[in-house]
>>> print(open('coords-v1.tsv').read())   # TSV, C-alpha atoms
chain	number	residue	atom	x	y	z
Y	1	MET	CA	-18.19	-0.57	-27.90
Y	2	ARG	CA	-20.94	1.99	-28.63
Y	3	LEU	CA	-22.16	1.81	-25.03
Y	4	ASN	CA	-18.64	2.38	-23.70
Y	5	SER	CA	-18.33	5.46	-25.92
Y	6	ILE	CA	-21.64	6.83	-24.60
Y	7	LEU	CA	-20.62	6.25	-20.99
Y	8	ASN	CA	-17.25	7.91	-21.55
Y	9	ARG	CA	-19.04	10.98	-22.95
Y	10	LEU	CA	-21.28	11.03	-19.89
Y	11	LEU	CA	-18.34	10.92	-17.52
Y	12	ARG	CA	-16.70	13.84	-19.30
Y	13	LEU	CA	-20.00	15.75	-19.19
Y	14	ILE	CA	-20.52	15.41	-15.44
Y	15	GLY	CA	-16.99	16.55	-14.65
Y	16	ARG	CA	-15.35	13.50	-13.10
Y	17	GLU	CA	-11.90	15.08	-13.21
Y	18	GLY	CA	-11.08	17.51	-10.45
Y	19	ARG	CA	-14.02	16.70	-8.19
Y	20	ASP	CA	-14.77	13.45	-6.39
Y	21	ARG	CA	-12.05	11.13	-7.66
Y	22	SER	CA	-13.82	7.82	-7.48
Y	23	GLY	CA	-10.95	5.82	-8.88
Y	24	ALA	CA	-11.08	3.04	-11.43
Y	25	GLY	CA	-14.74	2.29	-10.71
Y	26	SER	CA	-16.15	5.54	-12.10
Y	27	ASP	CA	-17.00	4.10	-15.51
Y	28	ASP	CA	-18.70	1.14	-13.88
Y	29	ALA	CA	-20.62	3.37	-11.47
Y	30	CYS	CA	-22.06	5.46	-14.29
Y	31	SER	CA	-22.90	2.30	-16.20
Y	32	LEU	CA	-24.74	0.80	-13.22
Y	33	LEU	CA	-26.93	3.90	-12.95
Y	34	ILE	CA	-27.86	4.09	-16.62
Y	35	ASP	CA	-27.57	0.59	-18.10
Y	36	LEU	CA	-29.92	-1.89	-16.37
Y	37	PHE	CA	-28.03	-4.81	-17.95
Y	38	ALA	CA	-24.64	-3.74	-16.56
Y	39	GLY	CA	-22.88	-6.22	-14.30
Y	40	ASP	CA	-25.94	-8.46	-13.97
Y	41	SER	CA	-25.10	-11.95	-12.73
Y	42	GLY	CA	-28.57	-13.18	-13.66
Y	43	GLU	CA	-29.06	-15.73	-10.90
Y	44	ALA	CA	-32.60	-17.06	-10.60
Y	45	GLY	CA	-34.44	-16.18	-7.42
Y	46	PRO	CA	-35.98	-18.78	-5.10
Y	47	GLY	CA	-39.45	-18.01	-6.44
Y	48	GLY	CA	-38.59	-19.08	-9.98
Y	49	THR	CA	-38.72	-17.10	-13.18
Y	50	VAL	CA	-41.33	-14.92	-14.86
Y	51	SER	CA	-42.02	-16.04	-18.41
Y	52	VAL	CA	-41.57	-13.68	-21.35
Y	53	GLU	CA	-45.15	-14.45	-22.40
Y	54	ALA	CA	-46.47	-13.34	-19.01
Y	55	ILE	CA	-44.38	-10.17	-19.16
Y	56	ARG	CA	-45.62	-9.34	-22.67
Y	57	ALA	CA	-49.23	-9.88	-21.56
Y	58	ALA	CA	-48.77	-7.59	-18.57
Y	59	CYS	CA	-47.15	-4.95	-20.76
Y	60	ARG	CA	-50.16	-5.05	-23.09
Y	61	ARG	CA	-52.47	-4.54	-20.09
Y	62	MET	CA	-50.41	-1.56	-18.95
Y	63	GLN	CA	-50.48	-0.11	-22.45
Y	64	GLY	CA	-54.28	-0.39	-22.41
Y	65	ALA	CA	-54.70	1.51	-19.13
Y	66	LYS	CA	-57.00	4.50	-19.64
Y	67	THR	CA	-56.29	6.18	-16.31
Y	68	LYS	CA	-53.44	6.39	-13.83
Y	69	ASP	CA	-55.64	4.57	-11.33
Y	70	GLU	CA	-56.07	1.65	-13.71
Y	71	LEU	CA	-52.34	1.60	-14.41
Y	72	LEU	CA	-51.58	1.76	-10.69
Y	73	HIS	CA	-53.61	-1.36	-9.99
Y	74	ILE	CA	-52.14	-3.28	-12.94
Y	75	ILE	CA	-48.63	-2.52	-11.67
Y	76	ALA	CA	-49.64	-3.38	-8.09
Y	77	ASP	CA	-51.09	-6.73	-9.22
Y	78	GLU	CA	-47.87	-7.58	-11.05
Y	79	VAL	CA	-45.65	-6.53	-8.14
Y	80	ALA	CA	-47.79	-8.59	-5.75
Y	81	ALA	CA	-46.27	-11.71	-7.33
Y	82	PHE	CA	-42.97	-10.71	-5.69
Y	83	ASP	CA	-42.32	-10.75	-1.95
Y	84	LEU	CA	-39.97	-9.05	0.49
Y	85	HIS	CA	-37.30	-11.64	-0.19
Y	86	ASP	CA	-37.36	-10.65	-3.88
Y	87	LEU	CA	-36.83	-7.00	-2.95
Y	88	GLU	CA	-33.96	-7.98	-0.66
Y	89	GLN	CA	-32.43	-10.12	-3.40
Y	90	MET	CA	-32.78	-7.29	-5.88
Y	91	ASN	CA	-30.96	-4.96	-3.49
Y	92	ALA	CA	-28.29	-7.59	-2.71
Y	93	ARG	CA	-27.64	-8.12	-6.41
Y	94	PHE	CA	-26.96	-4.41	-6.86
Y	95	GLU	CA	-24.71	-4.43	-3.79
Y	96	ARG	CA	-22.65	-7.19	-5.41
Y	97	LYS	CA	-22.43	-5.21	-8.65
Y	98	ALA	CA	-21.23	-2.14	-6.74
Y	99	ALA	CA	-18.87	-3.97	-4.34
Y	100	HIS	CA	-15.73	-2.81	-6.20
Y	101	LEU	CA	-16.66	0.90	-6.13
Y	102	PRO	CA	-14.85	3.28	-3.75
Y	103	GLU	CA	-16.41	3.02	-0.30
Y	104	GLY	CA	-17.51	6.63	0.16
Y	105	TYR	CA	-19.25	6.81	-3.19
Y	106	ARG	CA	-20.63	3.27	-2.90
Y	107	ASP	CA	-22.33	3.98	0.43
Y	108	ARG	CA	-24.11	7.05	-0.96
Y	109	LEU	CA	-25.13	5.19	-4.10
Y	110	LEU	CA	-26.47	2.16	-2.20
Y	111	ALA	CA	-28.57	4.42	0.06
Y	112	SER	CA	-30.26	5.84	-3.05
Y	113	VAL	CA	-30.76	2.39	-4.54
Y	114	ARG	CA	-32.44	1.17	-1.34
Y	115	GLU	CA	-34.82	4.12	-1.58
Y	116	GLU	CA	-35.38	3.32	-5.24
Y	117	ILE	CA	-36.42	-0.24	-4.35
Y	118	PHE	CA	-37.96	-0.35	-0.88
Y	119	ALA	CA	-39.48	3.14	-0.66
Y	120	ALA	CA	-41.03	2.81	-4.12
Y	121	HIS	CA	-42.52	-0.56	-3.19
Y	122	HIS	CA	-43.90	0.80	0.09
Y	123	ARG	CA	-45.50	3.78	-1.63
Y	124	LEU	CA	-46.94	1.54	-4.34
Y	125	VAL	CA	-48.60	-0.76	-1.80
Y	126	LEU	CA	-50.02	2.13	0.24
Y	127	LEU	CA	-51.32	4.05	-2.75
Y	128	SER	CA	-52.98	1.02	-4.36
Y	129	ARG	CA	-54.60	-0.07	-1.09
Y	130	ASN	CA	-55.85	3.40	-0.21
Y	131	GLY	CA	-57.35	4.16	-3.58
Y	132	GLY	CA	-54.90	6.95	-4.30
Y	133	GLY	CA	-54.98	6.67	-8.07
Y	134	SER	CA	-56.01	9.42	-10.47
Y	135	ASP	CA	-58.56	9.58	-13.28
Y	136	GLU	CA	-56.02	11.39	-15.42
Y	137	PRO	CA	-54.73	9.50	-18.46
Y	138	PRO	CA	-51.17	8.18	-18.24
Y	139	ASP	CA	-48.39	9.97	-20.07
Y	140	PRO	CA	-48.48	9.00	-23.77
Y	141	ALA	CA	-44.90	7.71	-23.43
Y	142	LEU	CA	-46.30	4.75	-21.45
Y	143	GLY	CA	-46.91	2.80	-24.65
Y	144	ALA	CA	-43.30	3.05	-25.76
Y	145	TYR	CA	-42.11	2.27	-22.23
Y	146	CYS	CA	-44.13	-0.95	-22.09
Y	147	SER	CA	-42.86	-2.02	-25.50
Y	148	MET	CA	-39.30	-1.37	-24.33
Y	149	VAL	CA	-39.87	-3.40	-21.15
Y	150	ALA	CA	-41.19	-6.37	-23.12
Y	151	GLU	CA	-38.25	-6.29	-25.51
Y	152	ALA	CA	-35.69	-5.80	-22.74
Y	153	CYS	CA	-37.01	-8.76	-20.76
Y	154	ALA	CA	-37.13	-10.92	-23.88
Y	155	ALA	CA	-33.50	-10.01	-24.62
Y	156	LYS	CA	-32.52	-10.81	-21.03
Y	157	ALA	CA	-34.38	-14.14	-21.13
Y	158	ARG	CA	-32.29	-15.33	-24.06
Y	159	GLU	CA	-29.32	-15.58	-21.70
Y	160	LYS	CA	-30.45	-15.01	-18.10
Y	161	ASP	CA	-33.46	-14.87	-15.83
Y	162	PRO	CA	-35.48	-11.65	-16.45
Y	163	LYS	CA	-37.27	-11.82	-13.08
Y	164	TYR	CA	-35.48	-9.00	-11.26
Y	165	LEU	CA	-35.10	-6.86	-14.38
Y	166	TYR	CA	-38.90	-7.02	-14.76
Y	167	LEU	CA	-39.41	-6.07	-11.11
Y	168	LYS	CA	-37.08	-3.10	-11.61
Y	169	TYR	CA	-39.10	-1.93	-14.60
Y	170	LEU	CA	-42.38	-2.32	-12.69
Y	171	LEU	CA	-41.19	-0.20	-9.76
Y	172	SER	CA	-39.80	2.37	-12.19
Y	173	ALA	CA	-43.12	2.46	-14.08
Y	174	PHE	CA	-44.83	3.34	-10.79
Y	175	THR	CA	-42.28	6.03	-9.96
Y	176	ILE	CA	-42.24	7.60	-13.43
Y	177	PHE	CA	-45.84	7.28	-14.64
Y	178	ILE	CA	-47.84	7.37	-11.39
Y	179	LEU	CA	-45.72	9.54	-9.06
Y	180	GLU	CA	-44.18	11.48	-11.96
Y	181	GLU	CA	-40.81	11.42	-10.20
Y	182	PRO	CA	-37.34	10.55	-11.53
Y	183	ALA	CA	-36.37	6.92	-11.88
Y	184	HIS	CA	-33.39	7.65	-9.60
Y	185	PRO	CA	-34.40	9.49	-6.39
Y	186	VAL	CA	-33.39	13.07	-5.72
Y	187	GLY	CA	-29.90	12.93	-4.21
Y	188	THR	CA	-28.69	9.97	-6.27
Y	189	PRO	CA	-24.95	10.62	-6.78
Y	190	PHE	CA	-23.11	10.36	-10.08
Y	191	PRO	CA	-19.35	9.90	-10.37
Y	192	GLY	CA	-17.78	13.33	-10.23
Y	193	GLY	CA	-20.04	14.65	-7.48
Y	194	GLN	CA	-23.20	15.76	-9.28
Y	195	ILE	CA	-26.61	14.46	-8.15
Y	196	VAL	CA	-30.21	14.14	-9.26
Y	197	ASP	CA	-31.74	17.30	-7.83
Y	198	GLU	CA	-35.02	19.20	-7.56
Y	199	TRP	CA	-35.48	22.93	-7.89
Y	200	GLU	CA	-38.76	24.83	-7.77
Y	201	GLY	CA	-40.82	21.82	-8.81
Y	202	THR	CA	-38.50	20.66	-11.59
Y	203	TYR	CA	-36.32	17.56	-11.36
Y	204	LEU	CA	-32.78	18.03	-12.65
Y	205	CYS	CA	-30.36	15.40	-13.94
Y	206	PRO	CA	-26.77	16.01	-15.06
Y	207	VAL	CA	-26.92	13.37	-17.83
Y	208	ARG	CA	-30.58	13.32	-18.91
Y	209	ASP	CA	-30.07	14.33	-22.55
Y	210	LYS	CA	-26.92	12.26	-23.00
Y	211	ALA	CA	-28.21	8.81	-22.03
Y	212	ASP	CA	-31.04	8.28	-24.52
Y	213	ASP	CA	-28.91	6.03	-26.74
Y	214	VAL	CA	-28.27	3.43	-24.02
Y	215	PRO	CA	-30.35	0.34	-24.91
Y	216	PHE	CA	-33.34	-0.35	-22.63
Y	217	ALA	CA	-32.51	2.59	-20.33
Y	218	LEU	CA	-35.07	4.42	-18.20
Y	219	CYS	CA	-33.68	7.84	-19.14
Y	220	PRO	CA	-35.88	8.51	-22.23
Y	221	PHE	CA	-38.98	8.17	-20.06
Y	222	CYS	CA	-37.80	9.96	-16.92
Y	223	PRO	CA	-39.53	13.26	-16.03
Y	224	ALA	CA	-36.21	14.82	-14.98
Y	225	VAL	CA	-34.83	17.43	-17.36
Y	226	GLN	CA	-31.25	18.08	-18.31
Y	227	SER	CA	-29.75	20.56	-15.86
Y	228	ASP	CA	-28.32	23.68	-17.50
Y	229	GLU	CA	-25.77	24.13	-14.72
Y	230	PRO	CA	-23.87	21.66	-12.51
Y	231	THR	CA	-25.93	19.86	-9.86
Y	232	TYR	CA	-23.33	19.52	-7.14
Y	233	PRO	CA	-25.04	19.41	-3.71
Y	234	GLU	CA	-23.73	22.88	-2.81
Y	235	MET	CA	-25.43	24.37	-5.88
Y	236	ARG	CA	-28.80	24.43	-4.09
Y	237	ALA	CA	-27.50	27.05	-1.64
Y	238	ARG	CA	-26.15	29.07	-4.55
Y	239	ARG	CA	-29.48	28.89	-6.40
Y	240	GLU	CA	-31.33	29.96	-3.26
Y	241	GLU	CA	-29.02	32.93	-2.79
Y	242	ARG	CA	-29.38	33.89	-6.45
Y	243	ARG	CA	-33.17	33.67	-6.22
Y	244	ARG	CA	-33.14	35.78	-3.04
Y	245	ARG	CA	-31.13	38.48	-4.79
Y	246	GLU	CA	-33.40	38.37	-7.84
Y	247	ASN	CA	-36.48	38.74	-5.66
Y	248	LEU	CA	-34.91	41.61	-3.76
Y	249	ALA	CA	-33.90	43.37	-6.97
Y	250	ASN	CA	-37.40	42.84	-8.37
Y	251	TYR	CA	-38.92	44.30	-5.19
Y	252	TRP	CA	-36.90	47.51	-5.42
Y	253	THR	CA	-37.48	47.76	-9.15
Y	254	ASN	CA	-41.26	47.58	-8.69
Y	255	TYR	CA	-41.48	49.50	-5.40
Y	256	LYS	CA	-43.68	52.55	-5.92
Y	257	GLY	CA	-43.02	54.23	-2.59
>>> encode(input="coords-v1.tsv", output="structure tokens")
Amino acid sequence: MRLNSILNRLLRLIGREGRDRSGAGSDDACSLLIDLFAGDSGEAGPGGTVSVEAIRAACRRMQGAKTKDELLHIIADEVAAFDLHDLEQMNARFERKAAHLPEGYRDRLLASVREEIFAAHHRLVLLSRNGGGSDEPPDPALGAYCSMVAEACAAKAREKDPKYLYLKYLLSAFTIFILEEPAHPVGTPFPGGQIVDEWEGTYLCPVRDKADDVPFALCPFCPAVQSDEPTYPEMRARREERRRRENLANYWTNYKG
């Protein structure tokens, strides 16, 4: 009941009414983006399960990483236990969850999810193989993230296979803590028409500050910040025009002749 209340607040915040009327699936769409447990059928993959003990051990190794390079290779080693079929199954599972959503919105959402899965995996493999890690220490939030992952997978394992949930968290750890990018790629659509966006080096999310109470969510660890204005796709052109006018006004203000 608490989760439903949070999701309803989110839908009101991002302005579902009067924009992209996604129909009865809007609540479910928002839930699928924020709540990793939402709509999960929990079928075991062909490769078998990953034990909670193994997940906890890996999370402890990630917590102990002193540099981003060390963390990168720990994540890469864990992800190497999964193959292309696992990625395809992970994507297919989300497609089944989203099958009831309105077609136009569903197609845009699934394109972002494919990027979230396959592009992240591709970048992870390339970066780990090419020695692209950094000697910088990971964000201090990594410790809390790993603890959350261990607890989330343990909770999942009490009822269902945690295999694909764990893979999701691994890919998200790479995206958030190594690439320092949002868990959901720029352009990911929310019900109502707003998107994850980027402006002048800052990632913007329409629900960032409103989703922290969702259990086991990625939002508390995401580098995106809460947008202070709507993030409809057309807002980028408006921001660019506003910045152009500001720069022009600043030029004439400071012009000395």
>>> atom_distance(input="coords-v1.tsv", atom1="CA of Leu109 in chain Y", atom2="CA of Ser31 in chain Y")
12.6 Å
>>> closest_atom_pairs(input="coords-v1.tsv", of="range 111-199 of chain Y", to="range 68-71 of chain Y", cutoff="7 Å", atoms="all atoms listed in the file", output="tab-separated table")
residue	atom	partner	partner_atom	distance
Y:Gly133	CA	Y:Asp69	CA	3.9
Y:Ser134	CA	Y:Asp69	CA	4.9
Y:Asp135	CA	Y:Lys68	CA	6.1
Y:Glu136	CA	Y:Lys68	CA	5.8
Y:Pro137	CA	Y:Lys68	CA	5.7
Y:Pro138	CA	Y:Lys68	CA	5.3
Y:Ile178	CA	Y:Lys68	CA	6.2
>>> closest_residue(input="coords-v1.tsv", among="Y:Leu36, Y:Ala76, Y:Ala99, Y:Leu204", to="Leu126 in chain Y", atoms="only C-alpha atoms")
Y:Ala76
>>> residues_around(input="coords-v1.tsv", residues="range 218-232 of chain Y", least_positions_apart="6", cutoff="9 Å", atoms="all atoms listed in the file", output="ChimeraX atom specification")
/Y:14-15,34-36,141-142,144-145,169,172,176-177,180-184,192-198,202-212
>>> atom_distance(input="coords-v1.tsv", atom1="CA of Ile74 in chain Y", atom2="CA of Val149 in chain Y")
14.8 Å
>>> residues_near_point(input="coords-v1.tsv", point="(-24.4, 10.9, -4.2)", cutoff="9 Å", atoms="only C-alpha atoms", output="ChimeraX atom specification")
/Y:105-109,111-112,187-191,193-196,233
>>> atom_distance(input="coords-v1.tsv", atom1="CA of Val52 in chain Y", atom2="CA of Ala173 in chain Y")
17.8 Å
>>> closest_residue(input="coords-v1.tsv", among="Y:Leu179, Y:Leu170, Y:Ala154, Y:Ala38", to="Phe82 in chain Y", atoms="all atoms listed in the file")
Y:Leu170
>>> residues_around(input="coords-v1.tsv", residues="Arg60 in chain Y", least_positions_apart="6", cutoff="10 Å", atoms="only C-alpha atoms", output="JSON, numbers by chain")
{"Y": [54, 143, 146, 147, 150]}
>>> build_atoms(input="coords-v1.tsv", residues="range 60-81 of chain Y", atoms="N, CA and C atoms", output="CSV table (one decimal), keeping the file's coordinate frame")
chain,number,residue,atom,x,y,z
Y,60,ARG,N,-49.0,-5.4,-22.3
Y,60,ARG,CA,-50.2,-5.0,-23.1
Y,60,ARG,C,-51.3,-4.5,-22.2
Y,61,ARG,N,-51.5,-5.1,-21.0
Y,61,ARG,CA,-52.5,-4.5,-20.1
Y,61,ARG,C,-52.1,-3.1,-19.6
Y,62,MET,N,-50.8,-2.9,-19.3
Y,62,MET,CA,-50.4,-1.6,-19.0
Y,62,MET,C,-50.6,-0.6,-20.1
Y,63,GLN,N,-50.3,-1.0,-21.3
Y,63,GLN,CA,-50.5,-0.1,-22.4
Y,63,GLN,C,-52.0,0.3,-22.6
Y,64,GLY,N,-52.8,-0.6,-22.2
Y,64,GLY,CA,-54.3,-0.4,-22.4
Y,64,GLY,C,-54.9,0.4,-21.3
Y,65,ALA,N,-54.2,0.8,-20.3
Y,65,ALA,CA,-54.7,1.5,-19.1
Y,65,ALA,C,-55.2,2.9,-19.6
Y,66,LYS,N,-56.4,3.2,-19.2
Y,66,LYS,CA,-57.0,4.5,-19.6
Y,66,LYS,C,-56.8,5.6,-18.6
Y,67,THR,N,-56.5,5.2,-17.4
Y,67,THR,CA,-56.3,6.2,-16.3
Y,67,THR,C,-55.1,5.8,-15.5
Y,68,LYS,N,-54.5,6.7,-14.7
Y,68,LYS,CA,-53.4,6.4,-13.8
Y,68,LYS,C,-53.9,5.4,-12.8
Y,69,ASP,N,-55.1,5.5,-12.3
Y,69,ASP,CA,-55.6,4.6,-11.3
Y,69,ASP,C,-55.6,3.1,-11.9
Y,70,GLU,N,-56.1,3.0,-13.1
Y,70,GLU,CA,-56.1,1.6,-13.7
Y,70,GLU,C,-54.6,1.1,-13.8
Y,71,LEU,N,-53.7,2.0,-14.3
Y,71,LEU,CA,-52.3,1.6,-14.4
Y,71,LEU,C,-51.8,1.2,-13.1
Y,72,LEU,N,-52.1,2.0,-12.0
Y,72,LEU,CA,-51.6,1.8,-10.7
Y,72,LEU,C,-51.9,0.4,-10.2
Y,73,HIS,N,-53.2,-0.1,-10.5
Y,73,HIS,CA,-53.6,-1.4,-10.0
Y,73,HIS,C,-53.0,-2.5,-10.8
Y,74,ILE,N,-52.8,-2.3,-12.1
Y,74,ILE,CA,-52.1,-3.3,-12.9
Y,74,ILE,C,-50.7,-3.5,-12.4
Y,75,ILE,N,-50.0,-2.4,-12.2
Y,75,ILE,CA,-48.6,-2.5,-11.7
Y,75,ILE,C,-48.6,-3.2,-10.3
Y,76,ALA,N,-49.6,-2.8,-9.4
Y,76,ALA,CA,-49.6,-3.4,-8.1
Y,76,ALA,C,-49.9,-4.9,-8.2
Y,77,ASP,N,-50.8,-5.3,-9.1
Y,77,ASP,CA,-51.1,-6.7,-9.2
Y,77,ASP,C,-49.9,-7.5,-9.7
Y,78,GLU,N,-49.1,-6.9,-10.6
Y,78,GLU,CA,-47.9,-7.6,-11.0
Y,78,GLU,C,-46.8,-7.7,-9.9
Y,79,VAL,N,-46.6,-6.6,-9.2
Y,79,VAL,CA,-45.6,-6.5,-8.1
Y,79,VAL,C,-46.0,-7.5,-7.0
Y,80,ALA,N,-47.3,-7.7,-6.8
Y,80,ALA,CA,-47.8,-8.6,-5.8
Y,80,ALA,C,-47.3,-10.0,-5.9
Y,81,ALA,N,-46.8,-10.4,-7.1
Y,81,ALA,CA,-46.3,-11.7,-7.3
Y,81,ALA,C,-44.9,-11.8,-6.7
